[in-house]
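*Asks:* query.cif is the file, holding mmCIF, C-alpha atoms:
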data_coords
#
loop_
_atom_site.label_atom_id
_atom_site.label_comp_id
_atom_site.auth_asym_id
_atom_site.auth_seq_id
_atom_site.Cartn_x
_atom_site.Cartn_y
_atom_site.Cartn_z
CA MET M 1 150.84 188.86 355.58
CA HIS M 2 148.23 186.62 357.20
CA LYS M 3 144.69 187.71 357.87
CA SER M 4 142.50 186.35 360.62
CA GLY M 5 139.30 184.46 359.86
CA LYS M 6 137.34 187.45 361.10
CA GLN M 7 139.12 189.76 358.66
CA TRP M 8 138.53 187.39 355.74
CA GLY M 9 134.86 187.14 356.73
CA THR M 10 134.57 190.92 356.81
CA LEU M 11 136.15 191.22 353.34
CA ALA M 12 133.88 188.52 351.92
CA LEU M 13 130.82 190.21 353.39
CA LEU M 14 131.93 193.55 351.98
CA GLY M 15 132.35 192.01 348.53
CA LEU M 16 128.87 190.51 348.76
CA PHE M 17 127.39 193.89 349.67
CA ILE M 18 129.15 195.52 346.73
CA PHE M 19 127.90 192.83 344.32
CA HIS M 20 124.31 193.15 345.46
CA GLY M 21 124.63 196.91 345.41
CA LEU M 22 125.67 196.82 341.75
CA CYS M 23 122.77 194.52 340.91
CA ALA M 24 120.36 196.82 342.72
CA GLN M 25 121.76 199.84 340.89
CA THR M 26 121.28 198.06 337.55
CA ALA M 27 117.69 197.13 338.38
CA TRP M 28 116.99 200.68 339.58
CA ALA M 29 118.51 202.13 336.41
CA ALA M 30 116.39 199.80 334.30
CA ARG M 31 113.22 200.98 336.03
CA ARG M 32 114.15 204.61 335.39
CA ASP M 33 115.40 203.97 331.87
CA PRO M 34 114.17 200.78 330.14
CA SER M 35 116.87 201.16 327.49
CA ALA M 36 119.40 200.18 330.16
CA MET M 37 118.12 196.60 329.91
CA LYS M 38 118.94 194.48 326.88
CA ARG M 39 116.68 191.65 325.76
CA ILE M 40 117.69 188.47 323.96
CA LEU M 41 114.83 186.58 322.31
CA VAL M 42 115.33 182.91 321.43
CA LEU M 43 112.81 181.44 318.98
CA GLY M 44 113.37 177.73 318.55
CA ASP M 45 112.06 174.20 318.87
CA SER M 46 112.70 171.35 321.32
CA LEU M 47 116.46 171.78 320.97
CA SER M 48 116.14 175.17 322.64
CA GLU M 49 113.11 174.49 324.83
CA GLY M 50 114.99 171.71 326.59
CA PHE M 51 112.81 168.71 325.77
CA SER M 52 112.16 166.53 328.85
CA LEU M 53 114.47 168.68 330.99
CA LYS M 54 113.89 171.23 333.68
CA SER M 55 113.49 174.69 332.17
CA THR M 56 116.62 175.76 334.06
CA GLU M 57 118.68 173.13 332.21
CA ALA M 58 117.95 174.40 328.69
CA TRP M 59 120.79 176.22 326.99
CA PRO M 60 119.01 179.64 326.78
CA VAL M 61 118.80 179.72 330.57
CA LEU M 62 122.42 178.64 330.84
CA ILE M 63 123.26 181.65 328.65
CA VAL M 64 121.87 183.86 331.41
CA GLU M 65 124.45 182.39 333.77
CA LYS M 66 127.22 183.09 331.25
CA LEU M 67 126.02 186.67 330.82
CA ARG M 68 126.11 187.21 334.58
CA SER M 69 129.54 185.62 334.90
CA ALA M 70 130.84 187.93 332.15
CA GLY M 71 129.48 190.95 334.01
CA PHE M 72 126.54 191.56 331.66
CA ILE M 73 123.95 191.93 334.41
CA ASN M 74 121.67 194.20 332.39
CA PHE M 75 120.52 191.41 330.04
CA GLU M 76 117.44 189.24 330.11
CA VAL M 77 116.71 186.19 327.96
CA THR M 78 113.24 185.22 326.75
CA ASN M 79 113.06 181.60 325.62
CA ALA M 80 110.15 181.48 323.17
CA SER M 81 110.94 177.95 322.02
CA GLN M 82 108.43 175.13 321.69
CA SER M 83 108.86 171.40 321.22
CA GLY M 84 107.82 170.33 317.75
CA GLY M 85 108.17 173.89 316.55
CA THR M 86 108.27 174.51 312.80
CA THR M 87 109.04 177.62 310.78
CA ASP M 88 105.33 178.17 310.11
CA GLY M 89 104.66 177.80 313.81
CA GLY M 90 107.46 180.22 314.59
CA LEU M 91 105.86 182.83 312.37
CA ALA M 92 102.55 182.37 314.17
CA ARG M 93 104.11 182.54 317.64
CA LEU M 94 106.34 185.52 316.94
CA PRO M 95 104.04 188.60 317.18
CA PRO M 96 103.40 188.58 320.95
CA HIS M 97 107.14 188.40 321.59
CA LEU M 98 107.74 191.52 319.53
CA LYS M 99 105.63 193.71 321.79
CA ARG M 100 108.73 194.29 323.88
CA ARG M 101 111.99 195.51 322.42
CA VAL M 102 114.40 192.88 321.11
CA ASP M 103 118.12 193.70 321.04
CA ILE M 104 119.45 190.28 320.01
CA PHE M 105 117.35 187.67 318.20
CA VAL M 106 118.48 184.04 318.15
CA LEU M 107 116.68 181.93 315.54
CA GLU M 108 116.78 178.13 315.84
CA LEU M 109 114.15 176.50 313.64
CA GLY M 110 113.90 174.31 310.56
CA ILE M 111 114.84 170.80 311.59
CA ASN M 112 111.24 169.70 312.18
CA ASP M 113 110.27 171.05 308.76
CA ALA M 114 113.02 168.93 307.24
CA PHE M 115 111.87 165.84 309.11
CA ARG M 116 108.46 166.41 307.53
CA GLY M 117 109.97 166.72 304.07
CA LEU M 118 109.21 170.40 303.47
CA PRO M 119 111.22 171.68 300.49
CA VAL M 120 114.37 173.52 301.55
CA PRO M 121 113.40 176.70 299.62
CA GLN M 122 110.14 176.84 301.57
CA ILE M 123 111.94 176.41 304.90
CA GLU M 124 114.36 179.16 303.92
CA GLN M 125 111.52 181.44 302.85
CA ASN M 126 109.80 181.01 306.21
CA LEU M 127 113.01 181.67 308.13
CA GLN M 128 113.60 184.78 306.03
CA GLU M 129 110.08 185.98 306.79
CA ILE M 130 110.72 185.59 310.52
CA ILE M 131 113.93 187.61 310.23
CA ASP M 132 112.18 190.27 308.14
CA ARG M 133 109.40 190.68 310.68
CA VAL M 134 111.81 191.07 313.56
CA ARG M 135 113.91 193.60 311.65
CA ALA M 136 110.85 195.53 310.48
CA LYS M 137 109.89 196.06 314.11
CA TYR M 138 113.44 196.61 315.44
CA PRO M 139 115.78 197.68 312.62
CA ALA M 140 118.90 197.69 314.80
CA VAL M 141 118.38 194.19 316.19
CA GLN M 142 121.36 191.82 316.04
CA ILE M 143 120.50 188.46 314.46
CA VAL M 144 122.08 185.15 315.43
CA ILE M 145 121.19 182.06 313.39
CA ALA M 146 121.68 178.63 314.93
CA GLY M 147 122.76 176.28 312.16
CA LEU M 148 121.48 172.71 312.07
CA GLN M 149 122.28 169.61 310.05
CA LEU M 150 120.41 166.48 309.10
CA PRO M 151 121.90 163.08 309.91
CA ALA M 152 124.04 162.23 306.89
CA HIS M 153 123.21 158.54 306.67
CA ASN M 154 122.79 158.93 302.93
CA GLU M 155 124.34 162.14 301.62
CA ASP M 156 122.03 163.71 299.04
CA ASP M 157 121.12 167.11 297.64
CA TYR M 158 118.42 167.72 300.26
CA ILE M 159 120.81 167.16 303.17
CA ARG M 160 123.48 169.36 301.59
CA ASP M 161 121.01 172.10 300.69
CA PHE M 162 119.50 172.08 304.18
CA GLY M 163 122.86 172.52 305.90
CA ARG M 164 123.94 175.23 303.43
CA MET M 165 120.65 177.10 303.89
CA TYR M 166 121.68 178.50 307.28
CA LEU M 167 124.97 179.80 305.92
CA ASP M 168 123.16 181.46 303.03
CA LEU M 169 120.63 183.08 305.37
CA ALA M 170 123.40 184.42 307.59
CA ALA M 171 125.29 185.89 304.63
CA LYS M 172 122.17 187.39 303.09
CA ASN M 173 121.08 189.03 306.33
CA HIS M 174 124.51 190.02 307.66
CA ALA M 175 123.73 187.83 310.66
CA ALA M 176 126.03 185.97 312.99
CA ILE M 177 125.84 182.20 312.80
CA VAL M 178 126.43 179.31 315.14
CA PRO M 179 127.75 176.93 312.43
CA TYR M 180 126.28 173.82 314.08
CA LEU M 181 124.28 174.10 317.28
CA LEU M 182 124.77 170.42 318.13
CA LYS M 183 128.53 170.41 317.62
CA GLY M 184 130.15 168.01 320.07
CA VAL M 185 126.76 166.63 321.14
CA ALA M 186 125.04 164.98 318.18
CA GLY M 187 125.52 161.23 318.12
CA ASN M 188 127.04 161.01 321.58
CA PRO M 189 124.84 158.75 323.77
CA LEU M 190 126.35 160.26 326.93
CA LEU M 191 125.10 163.72 325.95
CA ASN M 192 121.65 162.82 324.65
CA LEU M 193 118.42 161.40 325.98
CA GLY M 194 117.40 157.85 325.21
CA ASP M 195 115.88 158.92 321.90
CA ARG M 196 119.42 159.81 320.68
CA ILE M 197 117.96 163.05 319.27
CA HIS M 198 117.50 165.48 322.14
CA PRO M 199 120.45 166.64 324.28
CA ASN M 200 120.38 165.88 327.98
CA ALA M 201 121.38 168.38 330.67
CA ALA M 202 125.09 167.77 330.04
CA GLY M 203 124.53 168.20 326.32
CA HIS M 204 122.78 171.52 326.84
CA LYS M 205 125.85 172.84 328.63
CA ILE M 206 127.81 172.25 325.44
CA LEU M 207 125.06 173.83 323.33
CA ALA M 208 125.23 176.87 325.59
CA GLN M 209 128.97 177.11 325.01
CA ASN M 210 128.51 176.73 321.24
CA VAL M 211 126.10 179.65 321.25
CA TRP M 212 128.10 181.71 323.74
CA GLU M 213 131.20 181.69 321.53
CA ILE M 214 129.20 183.60 318.92
CA LEU M 215 126.91 185.55 321.25
CA GLU M 216 129.48 186.94 323.68
CA PRO M 217 130.99 189.62 321.39
CA ILE M 218 127.51 190.61 320.21
CA ALA M 219 126.30 190.97 323.80
CA ARG M 220 129.40 192.99 324.64
CA GLU M 221 128.69 195.37 321.78
CA ALA M 222 125.03 195.68 322.78
CA ALA M 223 125.99 196.37 326.39
CA GLN M 224 128.02 199.35 325.23
CA SER M 225 125.11 200.79 323.29
CA ARG M 226 122.11 202.24 325.15
CA ASN M 227 119.99 202.12 322.03
CA ALA M 228 120.83 198.84 320.33
CA ALA M 229 117.28 198.65 318.98
CA ALA M 230 114.78 201.47 318.98
CA PRO M 231 111.35 200.63 320.44
#
Reformat the file's structure so that it appears as structure tokens.
*Replies:*
Amino acid sequence: MHKSGKQWGTLALLGLFIFHGLCAQTAWAARRDPSAMKRILVLGDSLSEGFSLKSTEAWPVLIVEKLRSAGFINFEVTNASQSGGTTDGGLARLPPHLKRRVDIFVLELGINDAFRGLPVPQIEQNLQEIIDRVRAKYPAVQIVIAGLQLPAHNEDDYIRDFGRMYLDLAAKNHAAIVPYLLKGVAGNPLLNLGDRIHPNAAGHKILAQNVWEILEPIAREAAQSRNAAAP
């Protein structure tokens, strides 16, 4: 059966009204009941801030688009990442971001500490302290750790211990882990800026997908719970 252009236009307009109506209902529900909104906090460095890119091109913002596409319209993402960020710096920057409830916490730090030669046990201790502080404030928070790796030009104990550190932290804290945030991006000149270190806009799309594969089931579970983390 064929429909006229006018009929198709009417159906499309109706669908648009329904979509906006659902969004409005979600926003209204959130104002009446803040627990209806779920918050994802990303604490990272330049890899999450989106070094030299527009803020809208960084992978945490792209996650918002994936959430919306999956129908999770009651989520917001706070990107608390900072270029040059270290684990010590993350600890210092964390408190203001804990004033509002956190349902899912994504931790992406450590690589700058390694570049500065900080001992792996110290990096791990700082990361653990960040996790402990978030959990102390919001015991039911879901933790996602973004794993990183050092360039393996010369494989040694430090490089191995650094890469294994993220797996150990995830196991110890019953956290989800993105095995390697830069999977499919690291070393590819087409997906990185001229410094060959920081992903470009195309690279961040892949980073977003790497994170989304781990985050999606966690977000789905949180969406089904009105009290994923008590304030």
*Asks:* Set the distance at 10 Å and use all atoms listed in the file: which residues neighbour Gly110 of chain M once local chain neighbours fewer than 4 positions away are removed? I'd like the list as a list of chain:residue names.
*Replies:*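 Contacts, with the query itself left out: M:Gly44, M:Asp45, M:Gly85, M:Thr86, M:Thr87, M:Asp88, M:Gly90, M:Ala114, M:Phe115, M:Leu118, M:Val120, M:Ile123, M:Glu124, M:Asn126, M:Leu127, M:Ala146, M:Gly147, M:Leu148, M:Gln149, M:Phe162, M:Met165, M:Tyr166.
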*Asks:* Hey, what's within 12 Å of Val141 of chain M if we count all atoms listed in the file and toss same-chain stuff fewer than 6 positions away? As number ranges by chain, please?
*Replies:* M: 38-41, 98, 101-106, 131-135, 173-176, 218-219, 221-222, 225, 227-231
*Asks:* Running the PyMOL selection byres ((chain M and resi 197) around 12) on this model by hand, what would come out? Give it as a PDB file with C-alpha atoms, in the frame of the given file.
*Replies:*
ATOM      1  CA  SER M  46     112.700 171.350 321.320  1.00  0.00           C
ATOM      2  CA  LEU M  47     116.460 171.780 320.970  1.00  0.00           C
ATOM      3  CA  GLY M  50     114.990 171.710 326.590  1.00  0.00           C
ATOM      4  CA  PHE M  51     112.810 168.710 325.770  1.00  0.00           C
ATOM      5  CA  SER M  52     112.160 166.530 328.850  1.00  0.00           C
ATOM      6  CA  ILE M 111     114.840 170.800 311.590  1.00  0.00           C
ATOM      7  CA  ASN M 112     111.240 169.700 312.180  1.00  0.00           C
ATOM      8  CA  LEU M 150     120.410 166.480 309.100  1.00  0.00           C
ATOM      9  CA  PRO M 151     121.900 163.080 309.910  1.00  0.00           C
ATOM     10  CA  LEU M 182     124.770 170.420 318.130  1.00  0.00           C
ATOM     11  CA  VAL M 185     126.760 166.630 321.140  1.00  0.00           C
ATOM     12  CA  ALA M 186     125.040 164.980 318.180  1.00  0.00           C
ATOM     13  CA  GLY M 187     125.520 161.230 318.120  1.00  0.00           C
ATOM     14  CA  ASN M 188     127.040 161.010 321.580  1.00  0.00           C
ATOM     15  CA  PRO M 189     124.840 158.750 323.770  1.00  0.00           C
ATOM     16  CA  LEU M 190     126.350 160.260 326.930  1.00  0.00           C
ATOM     17  CA  LEU M 191     125.100 163.720 325.950  1.00  0.00           C
ATOM     18  CA  ASN M 192     121.650 162.820 324.650  1.00  0.00           C
ATOM     19  CA  LEU M 193     118.420 161.400 325.980  1.00  0.00           C
ATOM     20  CA  GLY M 194     117.400 157.850 325.210  1.00  0.00           C
ATOM     21  CA  ASP M 195     115.880 158.920 321.900  1.00  0.00           C
ATOM     22  CA  ARG M 196     119.420 159.810 320.680  1.00  0.00           C
ATOM     23  CA  HIS M 198     117.500 165.480 322.140  1.00  0.00           C
ATOM     24  CA  PRO M 199     120.450 166.640 324.280  1.00  0.00           C
ATOM     25  CA  ASN M 200     120.380 165.880 327.980  1.00  0.00           C
ATOM     26  CA  GLY M 203     124.530 168.200 326.320  1.00  0.00           C
TER      27      GLY M 203
END
*Asks:* Compute the distance from (126.1, 176.9, 324.8) to each atom, counting only C-alpha atoms, keep the residues with any atom at most 10 Å away, and return them as a PyMOL selection string; use the coordinates of the file.
*Replies:* chain M and resi 58-63+66+178+181-183+203-215
*Asks:* What residues come out when you apply the PyMOL selection byres ((chain M and resi 80) around 7) to this file, written as a list in words?
*Replies:*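 Given this file, the PyMOL selection byres ((chain M and resi 80) around 7) evaluates to Leu41, Val42, Leu43, Gly44, Thr78, Asn79, Ser81 and Gln82 of chain M.
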*Asks:* So what do you get for atom CA of Glu129 of chain M versus atom CA of Glu216 of chain M, distance-wise?
*Replies:*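 Taking atom CA of Glu129 of chain M and atom CA of Glu216 of chain M, their separation equals 25.7 Å.
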*Asks:* Could you jot down the atom CA of Gln224 of chain M to atom CA of Ile73 of chain M separation for me, Å, one decimal place?
*Replies:*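 So the answer is 12.5 Å.
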*Asks:* Separation of atom CA of Ala92 of chain M and atom CA of Val77 of chain M, in Å?
*Replies:*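 Distance reported for this atom pair: 20.1 Å.
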*Asks:* Between M:Pro179, M:Gly84, M:Pro96, M:Pro139, which residue has the minimum interatomic distance to Gly163 of chain M, considering only C-alpha atoms?
*Replies:*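 When distances to Gly163 of chain M are compared using only C-alpha atoms, the smallest one comes from M:Pro179.
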*Asks:* Using all atoms listed in the file, which of M:Arg160, M:Phe72, M:Gln128, M:Ala136 sits nearest Lys172 of chain M?
*Replies:*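 Of the candidates, the smallest distance to Lys172 of chain M is held by M:Gln128.
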*Asks:* Point out the residue among M:Gly117, M:Ala36, M:Lys99, M:Ile143 with the least atom-to-atom distance to Asn74 of chain M, counting only C-alpha atoms.
*Replies:* M:Ala36
*Asks:* Which residue gives the smallest distance to Ala170 of chain M among M:Ala152, M:Leu107, M:Ala223, M:Leu67, with all atoms listed in the file counted?
*Replies:*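 Of M:Ala152, M:Leu107, M:Ala223, M:Leu67, the one nearest Ala170 of chain M is M:Leu107, counting all atoms listed in the file.
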